[in-house]
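A.B. asks: Below is the file work-v1.cif, with mmCIF, C-alpha atoms (C1' of nucleotides).
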data_data
#
loop_
_atom_site.label_atom_id
_atom_site.label_comp_id
_atom_site.auth_asym_id
_atom_site.auth_seq_id
_atom_site.Cartn_x
_atom_site.Cartn_y
_atom_site.Cartn_z
CA MET A 1 -20.96 46.93 0.31
CA ALA A 2 -17.34 46.04 0.26
CA SER A 3 -17.40 43.09 2.60
CA GLY A 4 -14.58 42.60 5.03
CA SER A 5 -13.74 39.32 3.40
CA LYS A 6 -11.53 40.81 0.74
CA GLU A 7 -9.70 42.84 3.33
CA ARG A 8 -9.29 39.79 5.51
CA ILE A 9 -7.87 37.77 2.64
CA ALA A 10 -5.34 40.49 1.95
CA ALA A 11 -4.35 40.67 5.61
CA VAL A 12 -3.78 36.97 6.14
CA THR A 13 -2.02 36.75 2.78
CA GLY A 14 0.48 39.36 3.91
CA GLU A 15 1.17 37.36 7.04
CA LEU A 16 1.52 34.07 5.20
CA LEU A 17 3.81 35.60 2.60
CA ALA A 18 6.02 36.90 5.37
CA ARG A 19 6.26 33.43 6.88
CA ARG A 20 6.46 31.10 3.91
CA GLY A 21 7.21 33.14 0.83
CA TYR A 22 5.25 33.13 -2.41
CA ASN A 23 5.72 29.52 -3.38
CA GLY A 24 5.31 28.29 0.16
CA MET A 25 1.99 30.03 0.65
CA GLY A 26 -0.96 27.82 -0.23
CA LEU A 27 -4.39 29.12 -1.11
CA LYS A 28 -5.91 26.56 1.19
CA ALA A 29 -3.98 28.07 4.07
CA VAL A 30 -5.21 31.51 3.04
CA SER A 31 -8.84 30.42 3.02
CA GLU A 32 -8.50 28.70 6.37
CA ALA A 33 -6.70 31.61 8.01
CA ALA A 34 -9.28 34.03 6.65
CA GLY A 35 -12.14 31.81 7.83
CA LEU A 36 -13.56 31.63 4.34
CA PRO A 37 -14.40 28.76 2.03
CA PHE A 38 -12.21 28.04 -0.89
CA GLY A 39 -14.54 29.39 -3.54
CA SER A 40 -14.77 32.82 -1.95
CA ILE A 41 -11.15 33.48 -2.71
CA TYR A 42 -11.69 33.25 -6.43
CA HIS A 43 -14.78 35.38 -6.14
CA HIS A 44 -12.85 38.26 -4.63
CA PHE A 45 -9.68 37.70 -6.63
CA PRO A 46 -10.50 36.19 -10.03
CA GLY A 47 -6.84 36.45 -10.94
CA GLY A 48 -5.99 33.72 -8.48
CA LYS A 49 -2.82 33.45 -6.48
CA GLU A 50 -0.92 36.03 -8.46
CA GLU A 51 -3.54 38.69 -7.94
CA ILE A 52 -3.97 37.90 -4.26
CA ALA A 53 -0.26 38.09 -3.55
CA ALA A 54 0.30 41.22 -5.64
CA HIS A 55 -2.63 42.98 -4.00
CA ALA A 56 -1.44 42.08 -0.50
CA ILE A 57 2.13 43.16 -1.21
CA VAL A 58 1.16 46.55 -2.63
CA ARG A 59 -1.22 47.09 0.27
CA ILE A 60 1.49 46.37 2.82
CA GLY A 61 3.97 48.55 0.99
CA ARG A 62 1.64 51.54 1.19
CA ALA A 63 0.81 50.92 4.82
CA GLY A 64 4.48 50.50 5.66
CA ALA A 65 5.34 53.73 3.89
CA ASP A 66 2.64 55.58 5.82
CA SER A 67 3.92 54.16 9.09
CA LEU A 68 7.47 55.15 8.25
CA THR A 69 6.45 58.69 7.33
CA ALA A 70 4.55 59.04 10.59
CA LEU A 71 7.42 57.52 12.52
CA PHE A 72 10.01 59.96 11.20
CA ALA A 73 7.65 62.90 11.59
CA GLY A 74 6.93 61.96 15.17
CA SER A 75 10.51 61.36 16.22
CA ASP A 76 12.86 63.93 17.68
CA SER A 77 15.76 62.69 15.62
CA PRO A 78 16.25 60.43 12.59
CA GLU A 79 18.28 58.14 14.82
CA ALA A 80 15.28 57.50 17.05
CA ALA A 81 13.13 56.73 14.04
CA LEU A 82 15.70 54.31 12.67
CA ARG A 83 15.94 52.49 15.97
CA ALA A 84 12.18 52.21 16.19
CA MET A 85 12.06 50.90 12.65
CA PHE A 86 14.59 48.14 13.27
CA ASP A 87 13.20 47.37 16.71
CA PHE A 88 9.80 46.80 15.16
CA MET A 89 11.17 44.00 13.00
CA ALA A 90 13.18 42.52 15.87
CA ASP A 91 10.05 42.37 18.01
CA ARG A 92 8.00 40.95 15.19
CA LEU A 93 10.52 38.21 14.51
CA GLU A 94 11.02 37.24 18.11
CA ARG A 95 7.33 37.21 18.94
CA SER A 96 6.53 35.00 16.00
CA GLY A 97 9.18 32.49 16.99
CA TRP A 98 11.49 33.82 14.27
CA GLU A 99 9.06 32.84 11.55
CA ALA A 100 7.38 36.02 10.35
CA GLY A 101 9.79 38.18 8.37
CA CYS A 102 9.02 41.12 6.13
CA SER A 103 5.83 40.75 4.11
CA VAL A 104 7.51 42.44 1.16
CA GLY A 105 11.05 41.13 1.34
CA THR A 106 10.16 37.49 1.80
CA PRO A 107 8.00 37.06 -1.32
CA ALA A 108 10.40 39.35 -3.15
CA GLN A 109 12.92 36.52 -3.18
CA ASP A 110 10.89 33.73 -4.72
CA GLY A 111 7.91 35.55 -6.21
CA PRO A 112 9.45 37.32 -9.20
CA SER A 113 10.61 34.06 -10.77
CA ASP A 114 7.01 32.85 -10.92
CA SER A 115 5.03 35.99 -11.53
CA GLU A 116 5.75 39.30 -13.16
CA ALA A 117 2.78 40.82 -11.33
CA VAL A 118 4.30 39.89 -7.99
CA ARG A 119 7.64 41.35 -9.04
CA GLN A 120 5.99 44.65 -9.91
CA ALA A 121 4.10 44.64 -6.64
CA CYS A 122 7.34 44.17 -4.70
CA ASP A 123 8.95 46.90 -6.74
CA ASP A 124 6.09 49.26 -5.97
CA ALA A 125 6.10 48.40 -2.26
CA LEU A 126 9.83 48.84 -1.87
CA ALA A 127 9.78 52.11 -3.82
CA CYS A 128 7.06 53.47 -1.54
CA MET A 129 9.02 52.59 1.55
CA VAL A 130 12.27 54.02 0.17
CA ASP A 131 10.48 57.26 -0.65
CA ALA A 132 9.02 57.39 2.83
CA VAL A 133 12.41 56.94 4.46
CA ALA A 134 13.98 59.46 2.09
CA GLY A 135 11.32 62.00 2.99
CA GLY A 136 11.79 61.29 6.66
CA LEU A 137 15.54 61.75 6.43
CA ALA A 138 15.19 64.95 4.44
CA GLY A 139 12.81 66.27 7.08
CA HIS A 140 15.51 65.77 9.65
CA GLY A 141 18.24 67.69 7.92
CA VAL A 142 19.74 65.17 5.56
CA PRO A 143 20.65 67.00 2.33
CA GLU A 144 18.23 66.28 -0.51
CA GLY A 145 21.00 64.97 -2.71
CA ARG A 146 21.87 62.30 -0.19
CA ALA A 147 18.49 61.35 1.19
CA ALA A 148 17.44 59.05 -1.65
CA GLY A 149 20.66 57.08 -1.76
CA LEU A 150 20.79 56.83 1.99
CA ALA A 151 17.18 55.65 2.15
CA THR A 152 17.97 52.87 -0.32
CA THR A 153 20.87 51.80 1.86
CA VAL A 154 18.74 51.88 5.00
CA LEU A 155 16.06 49.72 3.43
CA ALA A 156 18.56 47.28 1.96
CA ALA A 157 20.24 46.95 5.35
CA TYR A 158 16.83 46.54 6.97
CA GLU A 159 15.77 43.73 4.67
CA GLY A 160 19.12 42.00 4.84
CA ALA A 161 19.37 42.27 8.60
CA ALA A 162 15.83 40.91 8.95
CA LEU A 163 16.83 37.94 6.80
CA MET A 164 19.91 37.28 8.90
CA ALA A 165 18.07 37.70 12.19
CA ARG A 166 15.47 35.21 11.11
CA VAL A 167 18.04 32.64 10.10
CA GLN A 168 20.10 33.16 13.25
CA ARG A 169 17.08 33.38 15.53
CA SER A 170 18.60 36.43 17.11
CA SER A 171 18.02 40.15 16.88
CA ALA A 172 21.77 40.79 16.90
CA PRO A 173 22.05 41.48 13.16
CA LEU A 174 19.27 44.07 13.39
CA ASP A 175 20.82 45.66 16.47
CA ARG A 176 24.26 45.87 14.93
CA THR A 177 23.06 47.10 11.58
CA VAL A 178 20.91 49.88 12.96
CA GLU A 179 23.91 51.30 14.80
CA ALA A 180 25.78 51.54 11.54
CA MET A 181 22.80 53.22 9.91
CA VAL A 182 22.65 55.72 12.75
CA ARG A 183 26.30 56.62 12.21
CA LEU A 184 25.74 56.91 8.50
CA VAL A 185 22.77 59.22 8.82
CA ASP A 186 24.49 61.30 11.44
CA ALA A 187 27.51 61.76 9.20
CA ALA A 188 25.32 62.78 6.28
CA ARG A 189 23.42 65.23 8.45
CA THR A 190 26.42 66.98 9.94
CA ALA A 191 28.27 67.04 6.65
CA ARG A 192 26.22 69.92 5.31
CA GLY A 193 23.25 69.75 7.59
CA MET B 1 35.49 6.77 -6.82
CA ALA B 2 33.59 9.82 -5.83
CA SER B 3 31.73 10.42 -9.04
CA GLY B 4 31.20 13.91 -10.24
CA SER B 5 27.47 13.40 -10.07
CA LYS B 6 27.11 14.42 -6.46
CA GLU B 7 29.15 17.52 -7.08
CA ARG B 8 27.09 18.35 -10.13
CA ILE B 9 23.86 17.98 -8.18
CA ALA B 10 25.15 20.36 -5.53
CA ALA B 11 26.24 22.89 -8.14
CA VAL B 12 22.97 23.02 -10.05
CA THR B 13 21.03 23.04 -6.78
CA GLY B 14 22.86 26.17 -5.71
CA GLU B 15 21.94 27.84 -8.95
CA LEU B 16 18.30 26.78 -8.80
CA LEU B 17 17.99 27.90 -5.19
CA ALA B 18 19.33 31.31 -6.15
CA ARG B 19 16.70 31.61 -8.87
CA ARG B 20 13.59 30.09 -7.41
CA GLY B 21 14.07 29.69 -3.67
CA TYR B 22 13.64 26.54 -1.65
CA ASN B 23 9.97 25.90 -2.33
CA GLY B 24 10.24 26.92 -5.93
CA MET B 25 13.05 24.51 -6.68
CA GLY B 26 11.83 21.15 -7.91
CA LEU B 27 13.84 17.96 -7.77
CA LYS B 28 12.87 17.23 -11.33
CA ALA B 29 14.52 20.47 -12.39
CA VAL B 30 17.60 19.49 -10.42
CA SER B 31 17.87 16.12 -12.12
CA GLU B 32 17.38 17.63 -15.55
CA ALA B 33 19.88 20.42 -14.99
CA ALA B 34 22.42 17.94 -13.65
CA GLY B 35 21.83 15.59 -16.58
CA LEU B 36 20.98 12.72 -14.26
CA PRO B 37 17.97 10.49 -13.89
CA PHE B 38 15.60 10.99 -11.05
CA GLY B 39 16.68 7.99 -9.03
CA SER B 40 20.30 9.06 -8.91
CA ILE B 41 19.41 12.03 -6.77
CA TYR B 42 18.11 9.85 -3.98
CA HIS B 43 21.09 7.57 -4.31
CA HIS B 44 23.50 10.41 -3.59
CA PHE B 45 21.26 12.23 -1.13
CA PRO B 46 19.05 9.74 0.71
CA GLY B 47 17.74 12.60 2.83
CA GLY B 48 15.88 14.01 -0.15
CA LYS B 49 15.27 17.65 -0.86
CA GLU B 50 16.22 18.88 2.59
CA GLU B 51 19.62 17.24 2.46
CA ILE B 52 20.30 18.38 -1.10
CA ALA B 53 19.46 21.98 -0.34
CA ALA B 54 21.31 22.06 2.98
CA HIS B 55 24.40 20.52 1.41
CA ALA B 56 24.38 22.96 -1.47
CA ILE B 57 23.89 25.97 0.78
CA VAL B 58 26.71 25.05 3.16
CA ARG B 59 28.97 24.35 0.21
CA ILE B 60 28.29 27.74 -1.33
CA GLY B 61 28.75 29.48 1.99
CA ARG B 62 32.22 28.01 2.39
CA ALA B 63 33.19 28.80 -1.19
CA GLY B 64 31.86 32.33 -0.84
CA ALA B 65 33.81 32.85 2.37
CA ASP B 66 36.99 31.63 0.69
CA SER B 67 36.42 33.98 -2.23
CA LEU B 68 35.82 36.90 0.10
CA THR B 69 38.95 36.18 2.09
CA ALA B 70 41.00 36.02 -1.08
CA LEU B 71 39.33 39.15 -2.41
CA PHE B 72 40.17 41.26 0.65
CA ALA B 73 43.69 39.83 0.86
CA GLY B 74 44.30 40.64 -2.79
CA SER B 75 42.95 44.17 -2.70
CA ASP B 76 44.89 47.31 -1.99
CA SER B 77 42.13 48.74 0.15
CA PRO B 78 38.97 47.44 1.80
CA GLU B 79 37.01 49.84 -0.37
CA ALA B 80 38.21 48.10 -3.51
CA ALA B 81 37.25 44.73 -2.09
CA LEU B 82 33.78 45.98 -1.17
CA ARG B 83 33.21 47.36 -4.62
CA ALA B 84 34.32 44.11 -6.22
CA MET B 85 32.01 42.19 -3.91
CA PHE B 86 28.95 44.23 -4.78
CA ASP B 87 29.88 44.41 -8.45
CA PHE B 88 30.01 40.65 -8.56
CA MET B 89 26.36 40.42 -7.56
CA ALA B 90 25.36 43.23 -9.92
CA ASP B 91 27.01 41.42 -12.81
CA ARG B 92 25.50 38.11 -11.81
CA LEU B 93 22.00 39.56 -11.62
CA GLU B 94 22.21 41.45 -14.87
CA ARG B 95 23.72 38.57 -16.82
CA SER B 96 21.05 36.18 -15.64
CA GLY B 97 18.28 38.54 -16.68
CA TRP B 98 17.75 39.58 -13.06
CA GLU B 99 16.81 36.06 -12.06
CA ALA B 100 19.75 34.58 -10.21
CA GLY B 101 20.18 36.17 -6.80
CA CYS B 102 22.27 34.99 -3.87
CA SER B 103 22.33 31.22 -3.44
CA VAL B 104 22.24 31.65 0.32
CA GLY B 105 19.96 34.64 0.78
CA THR B 106 17.22 33.44 -1.54
CA PRO B 107 16.53 30.09 0.11
CA ALA B 108 17.11 31.75 3.49
CA GLN B 109 13.75 33.47 3.09
CA ASP B 110 11.46 30.54 2.43
CA GLY B 111 13.57 27.57 3.48
CA PRO B 112 13.59 27.88 7.27
CA SER B 113 9.81 27.65 7.50
CA ASP B 114 9.91 24.23 5.87
CA SER B 115 13.13 22.73 7.11
CA GLU B 116 15.25 23.19 10.19
CA ALA B 117 18.20 21.65 8.34
CA VAL B 118 17.99 24.33 5.67
CA ARG B 119 17.80 27.03 8.32
CA GLN B 120 20.95 25.74 9.96
CA ALA B 121 22.69 25.53 6.61
CA CYS B 122 21.84 29.17 5.88
CA ASP B 123 23.00 30.13 9.35
CA ASP B 124 26.30 28.36 8.79
CA ALA B 125 26.80 29.88 5.35
CA LEU B 126 26.05 33.41 6.47
CA ALA B 127 28.29 33.04 9.51
CA CYS B 128 31.17 31.88 7.32
CA MET B 129 30.79 34.85 5.04
CA VAL B 130 30.48 37.32 7.90
CA ASP B 131 33.65 35.93 9.43
CA ALA B 132 35.43 36.22 6.12
CA VAL B 133 34.44 39.85 5.71
CA ALA B 134 35.33 40.58 9.32
CA GLY B 135 38.76 39.07 8.82
CA GLY B 136 39.21 41.00 5.62
CA LEU B 137 38.29 44.29 7.28
CA ALA B 138 40.55 43.61 10.24
CA GLY B 139 43.38 42.91 7.85
CA HIS B 140 42.91 46.37 6.40
CA GLY B 141 43.09 48.30 9.62
CA VAL B 142 39.57 48.17 10.96
CA PRO B 143 39.80 47.82 14.75
CA GLU B 144 39.03 44.31 15.97
CA GLY B 145 36.20 45.53 18.13
CA ARG B 146 34.41 46.98 15.14
CA ALA B 147 35.17 44.47 12.44
CA ALA B 148 32.56 41.89 13.41
CA GLY B 149 29.69 44.35 13.71
CA LEU B 150 30.68 46.09 10.52
CA ALA B 151 30.92 42.80 8.66
CA THR B 152 27.38 41.93 9.73
CA THR B 153 26.20 45.27 8.42
CA VAL B 154 28.04 44.81 5.15
CA LEU B 155 26.52 41.39 4.58
CA ALA B 156 23.04 42.54 5.54
CA ALA B 157 23.33 45.46 3.15
CA TYR B 158 24.66 43.13 0.47
CA GLU B 159 21.77 40.70 0.76
CA GLY B 160 19.18 43.43 0.99
CA ALA B 161 20.59 45.37 -1.92
CA ALA B 162 20.70 42.19 -4.01
CA LEU B 163 17.05 41.62 -3.23
CA MET B 164 16.13 45.16 -4.22
CA ALA B 165 18.22 45.07 -7.37
CA ARG B 166 16.55 41.90 -8.49
CA VAL B 167 13.08 43.29 -7.91
CA GLN B 168 13.91 46.59 -9.60
CA ARG B 169 15.88 44.97 -12.41
CA SER B 170 18.59 47.53 -11.85
CA SER B 171 21.98 47.55 -10.19
CA ALA B 172 21.28 50.96 -8.67
CA PRO B 173 20.53 49.64 -5.15
CA LEU B 174 23.82 47.74 -5.12
CA ASP B 175 25.73 50.73 -6.46
CA ARG B 176 24.25 53.10 -3.92
CA THR B 177 24.60 50.76 -1.00
CA VAL B 178 28.22 49.95 -1.62
CA GLU B 179 29.09 53.65 -1.51
CA ALA B 180 27.57 53.87 1.94
CA MET B 181 29.50 50.80 3.04
CA VAL B 182 32.71 52.35 1.74
CA ARG B 183 32.08 55.47 3.82
CA LEU B 184 31.28 53.37 6.84
CA VAL B 185 34.42 51.28 6.61
CA ASP B 186 36.55 54.31 5.94
CA ALA B 187 35.19 56.03 9.03
CA ALA B 188 35.84 52.98 11.16
CA ARG B 189 39.35 52.67 9.82
CA THR B 190 40.41 56.29 10.37
CA ALA B 191 38.73 56.43 13.76
CA ARG B 192 41.45 54.51 15.50
CA GLY B 193 43.18 52.85 12.58
"C1'" DG C 1 34.22 -15.92 -15.50
"C1'" DC C 2 31.41 -14.64 -11.56
"C1'" DC C 3 29.58 -11.80 -8.00
"C1'" DG C 4 28.82 -7.83 -5.08
"C1'" DT C 5 28.65 -2.93 -5.11
"C1'" DC C 6 28.01 1.49 -6.91
"C1'" DC C 7 25.49 4.09 -10.00
"C1'" DT C 8 22.07 4.86 -13.56
"C1'" DA C 9 17.33 4.72 -15.17
"C1'" DG C 10 12.58 5.61 -14.91
"C1'" DA C 11 7.98 4.00 -13.52
"C1'" DA C 12 4.55 4.23 -9.73
"C1'" DA C 13 2.47 5.95 -5.61
"C1'" DG C 14 0.61 9.30 -2.55
"C1'" DA C 15 -0.06 13.85 -1.43
"C1'" DT C 16 -0.81 18.68 -2.41
"C1'" DC C 17 -1.54 22.60 -5.21
"C1'" DG C 18 -4.06 25.98 -8.22
"C1'" DT C 19 -7.98 26.32 -10.85
"C1'" DT C 20 -12.64 25.60 -12.30
"C1'" DC C 21 -17.21 24.33 -11.65
"C1'" DT C 22 -21.84 23.98 -9.74
"C1'" DA C 23 -25.04 24.80 -6.12
"C1'" DT C 24 -26.81 27.42 -2.05
"C1'" DT C 25 -27.50 31.38 0.90
"C1'" DC C 26 -27.81 36.28 1.99
"C1'" DG C 27 -29.17 41.18 1.37
"C1'" DC C 28 -31.16 44.96 -0.76
"C1'" DG C 29 -34.04 47.48 -4.18
"C1'" DA C 30 -38.25 47.22 -7.02
"C1'" DT D 1 -43.14 39.68 -1.81
"C1'" DC D 2 -40.23 38.86 -5.42
"C1'" DG D 3 -35.98 38.75 -7.86
"C1'" DC D 4 -31.26 39.52 -8.87
"C1'" DG D 5 -26.57 39.98 -7.89
"C1'" DA D 6 -23.08 39.26 -4.35
"C1'" DA D 7 -21.05 36.12 -1.39
"C1'" DT D 8 -20.57 31.57 0.57
"C1'" DA D 9 -19.68 26.66 0.26
"C1'" DG D 10 -17.19 22.78 -1.23
"C1'" DA D 11 -16.65 19.05 -4.70
"C1'" DA D 12 -13.92 17.77 -8.81
"C1'" DC D 13 -10.05 18.03 -11.96
"C1'" DG D 14 -5.59 18.15 -13.91
"C1'" DA D 15 -0.99 19.09 -12.96
"C1'" DT D 16 3.03 18.80 -10.21
"C1'" DC D 17 5.86 17.55 -6.44
"C1'" DT D 18 8.43 14.41 -3.24
"C1'" DT D 19 9.32 9.97 -2.17
"C1'" DT D 20 9.75 5.09 -2.96
"C1'" DC D 21 10.34 1.13 -5.62
"C1'" DT D 22 12.22 -2.08 -8.97
"C1'" DA D 23 15.29 -3.13 -12.55
"C1'" DG D 24 19.38 -2.66 -15.61
"C1'" DG D 25 24.38 -1.58 -16.48
"C1'" DA D 26 29.43 -0.66 -15.22
"C1'" DC D 27 33.39 -2.29 -12.85
"C1'" DG D 28 36.77 -4.24 -9.76
"C1'" DG D 29 38.29 -8.32 -6.67
"C1'" DC D 30 38.37 -13.19 -6.26
#
Can the structure in the file be given as structure tokens, please?
C.D. replies:
Amino acid sequence: MASGSKERIAAVTGELLARRGYNGMGLKAVSEAAGLPFGSIYHHFPGGKEEIAAHAIVRIGRAGADSLTALFAGSDSPEAALRAMFDFMADRLERSGWEAGCSVGTPAQDGPSDSEAVRQACDDALACMVDAVAGGLAGHGVPEGRAAGLATTVLAAYEGAALMARVQRSSAPLDRTVEAMVRLVDAARTARG
Amino acid sequence: MASGSKERIAAVTGELLARRGYNGMGLKAVSEAAGLPFGSIYHHFPGGKEEIAAHAIVRIGRAGADSLTALFAGSDSPEAALRAMFDFMADRLERSGWEAGCSVGTPAQDGPSDSEAVRQACDDALACMVDAVAGGLAGHGVPEGRAAGLATTVLAAYEGAALMARVQRSSAPLDRTVEAMVRLVDAARTARG
DNA sequence: GCCGTCCTAGAAAGATCGTTCTATTCGCGA
DNA sequence: TCGCGAATAGAACGATCTTTCTAGGACGGC
């Protein structure tokens, strides 16, 4: 029986990574947040911190990609999906007291210098989310040739705006950036839509 | 006599922050990279790690803003300045083996959770750079009402694309994103330029 | 020539981190 | 009922990090 402990470790790790980054996240904090003793962590993840972080990041990347796909599919327009996407992060930041950023983007800054496994996990997670956005845009009339490049831009702007919003303790960067993304997608859609 | 030691500490701190983030940067590494003994660090920065990092981040923010202002002023078009800006980061990443990201953006992810002073330093640095880009865009015909919002978007996209490029070990995200920024600025300029 | 100040120099302390190790407990099949 | 593996539980260890402390050297004013 796959106990819920492993799942719980992955979940709290994602949250801690989003708040403190890879180096700032301590395994003691993980065990406490998961309500598990220290030893259990190494039972479920013999690879230690690297494996825990990489597993959590990949997991969140897949879940995020699924959410994005569903979001675009369930929206009347790509603009509505983009606004919902950026609003999600604005809400998340504000409700956490501007502490919990993106669970992929935050460790992506300081993880790769310590662990190649973490770098690959971030790469995988970001690629999944870019693909999801690209598919969502293509489904709303963005030409195939433009969807991939535009999705990369959207995700870069999303991560960067989340970083700025966190530092400024204001959702303004996310609000401003999403408007630009809306214009960009609209232009790409009407160009040959 | 203001010895060059303090300046050297700030310089190597900026570089280490860009590579390893705030938590990943050790004071021992700073002293070694600066060619100074351990004690000297606390002589020049009695506030310890927080003060060192905050000082280095603010310093880099001001220098970056100055460079951006000069870059836009010296370019024939805003598009050329944008490309030079993104190319700078692509070159920097590639030449460092995809290890040295932005000296402001990298600590901005994991610094604020540990230190309010670092958060404020990142806020100041980002604001300086946004203002510089906004001024540069306005100087090239972007309407005043749009320049600030567009500059925020450009910087968010820049930071996010740098993050993605580092993780992917490829300049593709920067290359793709800058093209979108060029289109965006061009549209804003011809709208009411 | 002497002294106070700035800077260099590195040892020591105290805390924390990641990892490893050894029990103990729980749950299910034989 | 017994036994075996999975999971829990936490102590112990070595390494590292930040901070503090003491001491030595350079240099200019008196």
A.B. asks: For atom C1' of D:DT8 and atom CA of A:Gly24, determine how far apart the two atoms are, in Å to one decimal place.
C.D. replies: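 Result for atom C1' of D:DT8 versus atom CA of A:Gly24: 26.1 Å, one decimal.
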A.B. asks: For chain C, list the residues within 10 Å of chain B, counting all atoms listed in the file, and write the list as a PyMOL selection string.
C.D. replies: chain C and resi 6-10
A.B. asks: Just the number, please: distance in Å from atom CA of B:Asp110 to atom CA of B:Arg176, one decimal.
C.D. replies: 26.7 Å
A.B. asks: Could you list the residues chosen by the PyMOL selection byres ((chain A and resi 153) around 8) in this structure as a PyMOL selection string?
C.D. replies: (chain A and resi 149-152+154-157) or (chain B and resi 157+161+173+176-177+180)
A.B. asks: Please, which residues of chain B lie no more than 9 Å from chain D when the count uses only C-alpha atoms (C1' of nucleotides), and can they be set out as a PyMOL selection string?
C.D. replies: chain B and resi 26-28+42+48-49
A.B. asks: What box, with edges along x, y and z, holds each listed atom of stretch 84-98 of chain B when 8 Å is added on every side, and can you state its centre and edge lengths in Å to one decimal, as AutoDock Vina command-line options?
C.D. replies:
--center_x 26.0 --center_y 40.3 --center_z -10.4 --size_x 32.6 --size_y 24.2 --size_z 28.9
A.B. asks: With the PyMOL selection byres ((chain B and resi 51-59) around 6) as the selection, what would be picked from this file? Answer as a list in words, please.
C.D. replies: Ala10, Gly14, Gly47, Gly48, Lys49, Glu50, Ile60, Gly61, Arg62, Val104, Val118, Ala121 and Ala125 of chain B
A.B. asks: For a quick check of understanding, using only C-alpha atoms (C1' of nucleotides), which of A:Ala191, A:Asn23, A:Leu16, A:Leu184 has the smallest distance to C:DC17?
C.D. replies: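 Among A:Ala191, A:Asn23, A:Leu16, A:Leu184, it is A:Asn23 that comes nearest to C:DC17.
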A.B. asks: Between atom CA of A:Ser171 and atom CA of A:Ala108, what is the distance in Å, rounded to a tenth?
C.D. replies: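 Pair atom CA of A:Ser171 / atom CA of A:Ala108 returns 21.4 Å.
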A.B. asks: Return the single residue from B:Ala34, B:Asp124, B:Leu82, B:Ala147 that is closest to B:Gly4, with distances computed using only C-alpha atoms.
C.D. replies: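 Counting only C-alpha atoms, the residue closest to B:Gly4 is B:Ala34.
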A.B. asks: Smallest atom-to-atom distance to chain A: which of B:Asp175, B:Gly136, B:Ala117, B:Thr106, using only C-alpha atoms?
C.D. replies: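 Closest to chain A of all the choices is B:Thr106.
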A.B. asks: Can you list, as a list of chain:residue names, the residues that the PyMOL selection byres ((chain B and resi 163) around 9) selects here?
C.D. replies: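 Those residues are A:Gly105, A:Ala108, A:Gln109, A:Ala156, A:Glu159, A:Gly160, B:Gly101, B:Cys102, B:Gly105, B:Thr106, B:Tyr158, B:Glu159, B:Gly160, B:Ala161, B:Ala162, B:Met164, B:Ala165, B:Arg166, B:Val167, B:Gln168, B:Pro173.
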A.B. asks: Residues near A:Asp186, anyone? I mean within 12 Å using all atoms listed in the file, not counting same-chain ones fewer than 3 positions away, as a count of residues only.
C.D. replies: 24
A.B. asks: Select, from B:Leu68, B:Ala63, B:Met89, B:Val185, the residue with the minimum atom-to-atom distance to chain A, counting all atoms listed in the file.
C.D. replies: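 Answer, going by the shortest atom-to-atom distance: B:Val185.
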